[in-house]
>>> print(open('run29.cif').read())   # mmCIF, C-alpha atoms and all ligand atoms; chains and numbers go by the auth columns
data_input
#
loop_
_atom_site.group_PDB
_atom_site.id
_atom_site.type_symbol
_atom_site.label_atom_id
_atom_site.label_comp_id
_atom_site.label_asym_id
_atom_site.label_seq_id
_atom_site.Cartn_x
_atom_site.Cartn_y
_atom_site.Cartn_z
_atom_site.B_iso_or_equiv
_atom_site.auth_seq_id
_atom_site.auth_asym_id
ATOM 1 C CA MET A 1 0.000 0.000 0.000 0.00 1 L
ATOM 2 C CA LYS A 2 1.054 3.582 -0.603 0.00 2 L
ATOM 3 C CA GLU A 3 0.120 6.871 0.976 0.00 3 L
ATOM 4 C CA ILE A 4 -0.135 9.699 -1.521 0.00 4 L
ATOM 5 C CA LYS A 5 0.050 13.185 -0.036 0.00 5 L
ATOM 6 C CA ALA A 6 -0.533 16.124 -2.341 0.00 6 L
ATOM 7 C CA ILE A 7 -0.245 19.838 -1.607 0.00 7 L
ATOM 8 C CA ILE A 8 -2.337 21.691 -4.180 0.00 8 L
ATOM 9 C CA GLN A 9 -3.794 25.103 -4.933 0.00 9 L
ATOM 10 C CA PRO A 10 -7.131 25.519 -3.106 0.00 10 L
ATOM 11 C CA PHE A 11 -8.918 26.663 -6.268 0.00 11 L
ATOM 12 C CA MET A 12 -8.019 23.348 -7.968 0.00 12 L
ATOM 13 C CA LEU A 13 -9.536 21.184 -5.210 0.00 13 L
ATOM 14 C CA GLN A 14 -12.962 20.628 -6.770 0.00 14 L
ATOM 15 C CA HIS A 15 -11.420 19.692 -10.113 0.00 15 L
ATOM 16 C CA VAL A 16 -9.036 17.204 -8.491 0.00 16 L
ATOM 17 C CA ILE A 17 -11.691 15.674 -6.238 0.00 17 L
ATOM 18 C CA ASP A 18 -14.108 15.248 -9.151 0.00 18 L
ATOM 19 C CA ALA A 19 -11.419 13.321 -11.045 0.00 19 L
ATOM 20 C CA LEU A 20 -10.430 11.165 -8.056 0.00 20 L
ATOM 21 C CA LYS A 21 -14.056 10.182 -7.412 0.00 21 L
ATOM 22 C CA GLN A 22 -14.250 8.809 -10.932 0.00 22 L
ATOM 23 C CA ILE A 23 -11.456 6.274 -10.337 0.00 23 L
ATOM 24 C CA PRO A 24 -13.093 2.901 -9.643 0.00 24 L
ATOM 25 C CA ASP A 25 -12.147 1.501 -6.221 0.00 25 L
ATOM 26 C CA MET A 26 -10.749 4.843 -5.015 0.00 26 L
ATOM 27 C CA PRO A 27 -11.071 4.128 -1.284 0.00 27 L
ATOM 28 C CA GLY A 28 -11.117 7.584 0.293 0.00 28 L
ATOM 29 C CA VAL A 29 -9.415 10.936 0.630 0.00 29 L
ATOM 30 C CA THR A 30 -8.651 13.190 3.607 0.00 30 L
ATOM 31 C CA VAL A 31 -8.713 16.921 2.859 0.00 31 L
ATOM 32 C CA SER A 32 -7.056 19.523 5.083 0.00 32 L
ATOM 33 C CA GLU A 33 -6.520 23.243 4.918 0.00 33 L
ATOM 34 C CA VAL A 34 -2.811 23.943 5.398 0.00 34 L
ATOM 35 C CA LYS A 35 -0.358 26.802 5.007 0.00 35 L
ATOM 36 C CA GLY A 36 3.251 26.655 3.981 0.00 36 L
ATOM 37 C CA PHE A 37 5.997 27.877 1.739 0.00 37 L
ATOM 38 C CA GLY A 38 8.098 26.519 -1.065 0.00 38 L
ATOM 39 C CA ARG A 39 11.137 27.751 -2.902 0.00 39 L
ATOM 40 C CA GLY A 40 9.623 31.208 -3.261 0.00 40 L
ATOM 41 C CA ARG A 41 9.351 31.512 0.539 0.00 41 L
ATOM 42 C CA ALA A 42 5.761 32.793 0.152 0.00 42 L
ATOM 43 C CA GLU A 43 7.119 36.121 -0.985 0.00 43 L
ATOM 44 C CA ASN A 44 6.219 38.066 -4.120 0.00 44 L
ATOM 45 C CA THR A 45 2.722 36.562 -4.286 0.00 45 L
ATOM 46 C CA ASP A 46 -0.615 38.197 -3.550 0.00 46 L
ATOM 47 C CA LYS A 47 -1.771 34.910 -1.965 0.00 47 L
ATOM 48 C CA SER A 48 0.581 35.042 1.009 0.00 48 L
ATOM 49 C CA VAL A 49 -0.660 35.645 4.538 0.00 49 L
ATOM 50 C CA THR A 50 1.034 36.011 7.890 0.00 50 L
ATOM 51 C CA ALA A 51 0.602 33.078 10.269 0.00 51 L
ATOM 52 C CA TRP A 52 2.738 31.891 13.164 0.00 52 L
ATOM 53 C CA GLY A 53 4.750 35.063 12.710 0.00 53 L
ATOM 54 C CA THR A 54 5.888 34.264 9.187 0.00 54 L
ATOM 55 C CA SER A 55 4.796 34.523 5.576 0.00 55 L
ATOM 56 C CA VAL A 56 2.936 31.486 4.232 0.00 56 L
ATOM 57 C CA VAL A 57 0.490 30.624 1.451 0.00 57 L
ATOM 58 C CA PRO A 58 -2.795 28.745 2.050 0.00 58 L
ATOM 59 C CA LYS A 59 -2.891 25.362 0.324 0.00 59 L
ATOM 60 C CA ILE A 60 -4.963 22.181 0.413 0.00 60 L
ATOM 61 C CA LYS A 61 -3.469 18.869 1.526 0.00 61 L
ATOM 62 C CA LEU A 62 -4.945 15.662 0.124 0.00 62 L
ATOM 63 C CA GLU A 63 -4.051 12.337 1.724 0.00 63 L
ATOM 64 C CA THR A 64 -5.059 8.959 0.413 0.00 64 L
ATOM 65 C CA VAL A 65 -3.865 5.414 1.047 0.00 65 L
ATOM 66 C CA VAL A 66 -4.335 3.072 -1.905 0.00 66 L
ATOM 67 C CA ALA A 67 -3.241 -0.343 -3.155 0.00 67 L
ATOM 68 C CA ASP A 68 0.170 -0.409 -4.816 0.00 68 L
ATOM 69 C CA THR A 69 -1.493 -1.163 -8.159 0.00 69 L
ATOM 70 C CA MET A 70 -3.479 2.081 -8.007 0.00 70 L
ATOM 71 C CA ALA A 71 -0.752 4.446 -6.862 0.00 71 L
ATOM 72 C CA ASP A 72 0.525 5.577 -10.263 0.00 72 L
ATOM 73 C CA LYS A 73 -3.008 6.178 -11.525 0.00 73 L
ATOM 74 C CA VAL A 74 -3.841 8.330 -8.498 0.00 74 L
ATOM 75 C CA VAL A 75 -0.599 10.317 -8.717 0.00 75 L
ATOM 76 C CA HIS A 76 -1.132 11.020 -12.419 0.00 76 L
ATOM 77 C CA THR A 77 -4.751 12.000 -11.877 0.00 77 L
ATOM 78 C CA ILE A 78 -3.790 14.529 -9.198 0.00 78 L
ATOM 79 C CA GLN A 79 -0.895 15.813 -11.283 0.00 79 L
ATOM 80 C CA GLN A 80 -3.060 16.346 -14.371 0.00 80 L
ATOM 81 C CA HIS A 81 -5.967 17.962 -12.576 0.00 81 L
ATOM 82 C CA ALA A 82 -3.967 20.216 -10.218 0.00 82 L
ATOM 83 C CA HIS A 83 -1.716 21.584 -12.954 0.00 83 L
ATOM 84 C CA THR A 84 -1.902 25.221 -14.026 0.00 84 L
ATOM 85 C CA GLY A 85 1.754 25.665 -14.988 0.00 85 L
ATOM 86 C CA ASN A 86 2.144 28.607 -12.629 0.00 86 L
ATOM 87 C CA ILE A 87 4.413 28.784 -9.601 0.00 87 L
ATOM 88 C CA GLY A 88 2.872 27.307 -6.468 0.00 88 L
ATOM 89 C CA ASP A 89 1.028 24.427 -8.169 0.00 89 L
ATOM 90 C CA GLY A 90 2.264 22.181 -5.365 0.00 90 L
ATOM 91 C CA LYS A 91 3.812 18.743 -4.962 0.00 91 L
ATOM 92 C CA ILE A 92 2.922 15.092 -4.619 0.00 92 L
ATOM 93 C CA PHE A 93 4.720 12.825 -2.141 0.00 93 L
ATOM 94 C CA VAL A 94 4.427 9.013 -2.074 0.00 94 L
ATOM 95 C CA TYR A 95 5.191 6.840 0.976 0.00 95 L
ATOM 96 C CA PRO A 96 5.042 3.128 1.752 0.00 96 L
ATOM 97 C CA VAL A 97 2.317 2.137 4.240 0.00 97 L
ATOM 98 C CA SER A 98 2.914 -0.898 6.437 0.00 98 L
ATOM 99 C CA GLN A 99 -0.549 -1.471 7.886 0.00 99 L
ATOM 100 C CA VAL A 100 -4.181 -0.317 7.774 0.00 100 L
ATOM 101 C CA VAL A 101 -6.950 -1.359 10.168 0.00 101 L
ATOM 102 C CA LYS A 102 -10.629 -0.759 9.496 0.00 102 L
ATOM 103 C CA ILE A 103 -12.127 -0.049 12.892 0.00 103 L
ATOM 104 C CA ARG A 104 -15.714 -1.104 12.143 0.00 104 L
ATOM 105 C CA THR A 105 -14.933 -4.554 10.758 0.00 105 L
ATOM 106 C CA ASP A 106 -11.528 -5.489 12.223 0.00 106 L
ATOM 107 C CA GLU A 107 -10.246 -5.999 8.674 0.00 107 L
ATOM 108 C CA SER A 108 -6.601 -5.201 8.044 0.00 108 L
ATOM 109 C CA GLY A 109 -4.277 -4.734 5.089 0.00 109 L
ATOM 110 C CA GLU A 110 -5.676 -3.958 1.633 0.00 110 L
ATOM 111 C CA ALA A 111 -9.053 -5.375 2.646 0.00 111 L
ATOM 112 C CA ALA A 112 -9.340 -2.501 5.109 0.00 112 L
ATOM 113 C CA LEU A 113 -8.855 0.258 2.533 0.00 113 L
HETATM 114 N N1 LIG B . 9.844 19.896 -0.051 0.00 201 D
HETATM 115 C C1 LIG B . 8.686 20.162 0.544 0.00 201 D
HETATM 116 N N2 LIG B . 8.361 19.554 1.700 0.00 201 D
HETATM 117 C C2 LIG B . 7.184 19.809 2.310 0.00 201 D
HETATM 118 N N3 LIG B . 6.250 20.644 1.827 0.00 201 D
HETATM 119 C C3 LIG B . 6.539 21.288 0.682 0.00 201 D
HETATM 120 C C4 LIG B . 7.753 21.077 -0.010 0.00 201 D
HETATM 121 N N4 LIG B . 7.735 21.840 -1.120 0.00 201 D
HETATM 122 C C5 LIG B . 6.569 22.475 -1.123 0.00 201 D
HETATM 123 N N5 LIG B . 5.844 22.151 -0.033 0.00 201 D
HETATM 124 C C6 LIG B . 4.507 22.632 0.285 0.00 201 D
HETATM 125 O O1 LIG B . 3.830 22.785 -0.957 0.00 201 D
HETATM 126 C C7 LIG B . 3.360 24.119 -1.091 0.00 201 D
HETATM 127 C C8 LIG B . 3.483 24.516 -2.542 0.00 201 D
HETATM 128 O O2 LIG B . 4.824 24.441 -2.911 0.00 201 D
HETATM 129 P P1 LIG B . 5.259 25.072 -4.296 0.00 201 D
HETATM 130 O O3 LIG B . 4.456 24.440 -5.371 0.00 201 D
HETATM 131 O O4 LIG B . 5.220 26.555 -4.208 0.00 201 D
HETATM 132 O O5 LIG B . 6.756 24.549 -4.361 0.00 201 D
HETATM 133 P P2 LIG B . 7.992 25.237 -5.088 0.00 201 D
HETATM 134 O O6 LIG B . 9.135 24.277 -4.965 0.00 201 D
HETATM 135 O O7 LIG B . 8.169 26.614 -4.546 0.00 201 D
HETATM 136 O O8 LIG B . 7.525 25.245 -6.611 0.00 201 D
HETATM 137 P P3 LIG B . 7.120 26.500 -7.554 0.00 201 D
HETATM 138 O O9 LIG B . 8.385 26.901 -8.226 0.00 201 D
HETATM 139 O O10 LIG B . 6.096 25.916 -8.486 0.00 201 D
HETATM 140 O O11 LIG B . 6.521 27.560 -6.677 0.00 201 D
HETATM 141 C C9 LIG B . 4.201 24.926 -0.140 0.00 201 D
HETATM 142 O O12 LIG B . 3.496 26.082 0.291 0.00 201 D
HETATM 143 C C10 LIG B . 4.410 23.953 0.996 0.00 201 D
HETATM 144 O O13 LIG B . 3.260 23.942 1.813 0.00 201 D
HETATM 145 MG MG MG B . 6.679 28.053 -4.745 0.00 202 D
#
>>> encode(input="run29.cif", output="structure tokens")
Amino acid sequence: MKEIKAIIQPFMLQHVIDALKQIPDMPGVTVSEVKGFGRGRAENTDKSVTAWGTSVVPKIKLETVVADTMADKVVHTIQQHAHTGNIGDGKIFVYPVSQVVKIRTDESGEAAL
């Protein structure tokens, strides 16, 4: 299993989510509002705000854990649908996941996704 974590532009969220929901067997997605900075240090952009005493830009974080066989498809779907070509489009990180437990059913592993 893989965890895919994507930091994207907030205004691209609906477009990305619509595409992810169309992937058969897409198990689920966690969405969070986050703030951060990249190489531009959240400077020279009208989207930056001050938080925690420093300059940051609001972003959306998507987290999903999927079967290994689905990981490339999910990464490419996010990449295609979050892309504007402008600075600040965000990044996608992929991690191995060692275990998942579904609380309601006691299932574990891929069956729990
Ligand atoms: N290496 C990183 N580790 C953790 N979070 C990151 C990293 N790079 C970017 N982020 C997060 O992603 C957000 C968007 O990053 P961004 O797309 O601006 O990266 P960048 O490297 O500056 O690229 P660009 O040149 O397109 O602006 C940042 O505000 C931050 O929250
Ligand atoms: Mg940047």
>>> residues_near_point(input="run29.cif", point="(-10.6, 0.3, -3.6)", cutoff="8 Å", atoms="all atoms listed in the file", output="ChimeraX atom specification")
/L:24-27,66-67,113
>>> write_last_selection(input="run29.cif", atoms="C-alpha atoms", output="short mmCIF file (atom, residue, chain, number, x, y, z; two decimals), keeping the file's coordinate frame")
data_model
loop_
_atom_site.label_atom_id
_atom_site.label_comp_id
_atom_site.auth_asym_id
_atom_site.auth_seq_id
_atom_site.Cartn_x
_atom_site.Cartn_y
_atom_site.Cartn_z
CA PRO L 24 -13.09 2.90 -9.64
CA ASP L 25 -12.15 1.50 -6.22
CA MET L 26 -10.75 4.84 -5.01
CA PRO L 27 -11.07 4.13 -1.28
CA VAL L 66 -4.34 3.07 -1.90
CA ALA L 67 -3.24 -0.34 -3.16
CA LEU L 113 -8.86 0.26 2.53
#
>>> residues_around(input="run29.cif", residues="Ala111 of chain L", least_positions_apart="6", cutoff="9 Å", atoms="all atoms listed in the file", output="list in words")
Val100, Val101 and Lys102 of chain L
>>> axis_aligned_box(input="run29.cif", around="ligand LIG 201 (chain D)", padding_each_side="5 Å", output="lines of an AutoDock Vina configuration file")
center_x = 6.6
center_y = 23.6
center_z = -3.1
size_x = 16.6
size_y = 18.0
size_z = 20.8
>>> residues_around(input="run29.cif", residues="Val16 of chain L", least_positions_apart="3", cutoff="12 Å", atoms="all atoms listed in the file", output="ChimeraX atom specification")
/L:6-13,19-23,29,31,60-62,74-83
>>> residues_around(input="run29.cif", residues="Ser98 of chain L", least_positions_apart="4", cutoff="12 Å", atoms="only C-alpha atoms", output="short mmCIF file (atom, residue, chain, number, x, y, z; two decimals) with C-alpha atoms, in the coordinates of the input")
data_model
loop_
_atom_site.label_atom_id
_atom_site.label_comp_id
_atom_site.auth_asym_id
_atom_site.auth_seq_id
_atom_site.Cartn_x
_atom_site.Cartn_y
_atom_site.Cartn_z
CA MET L 1 0.00 0.00 0.00
CA LYS L 2 1.05 3.58 -0.60
CA GLU L 3 0.12 6.87 0.98
CA VAL L 65 -3.86 5.41 1.05
CA VAL L 66 -4.34 3.07 -1.90
CA ALA L 67 -3.24 -0.34 -3.16
CA ASP L 68 0.17 -0.41 -4.82
CA SER L 108 -6.60 -5.20 8.04
CA GLY L 109 -4.28 -4.73 5.09
CA GLU L 110 -5.68 -3.96 1.63
#
>>> residues_near_ligand(input="run29.cif", ligand="ligand MG 202 (chain D)", cutoff="10 Å", atoms="all atoms listed in the file", output="number ranges by chain")
L: 36-43, 45, 57, 86-91
>>> atom_distance(input="run29.cif", atom1="atom N3 of ligand LIG 201 (chain D)", atom2="atom CA of Thr54 of chain L")
15.5 Å
>>> closest_residue(input="run29.cif", among="L:Ser32, L:Gly85, L:Ile17, L:Lys73", to="ligand LIG 201 (chain D)", atoms="all atoms listed in the file")
L:Gly85
>>> closest_residue(input="run29.cif", among="L:Thr64, L:Gln99, L:Thr69, L:Asn44", to="ligand LIG 201 (chain D)", atoms="only C-alpha atoms and all ligand atoms")
L:Asn44
>>> atom_distance(input="run29.cif", atom1="atom CA of Lys59 of chain L", atom2="atom C10 of ligand LIG 201 (chain D)")
7.5 Å
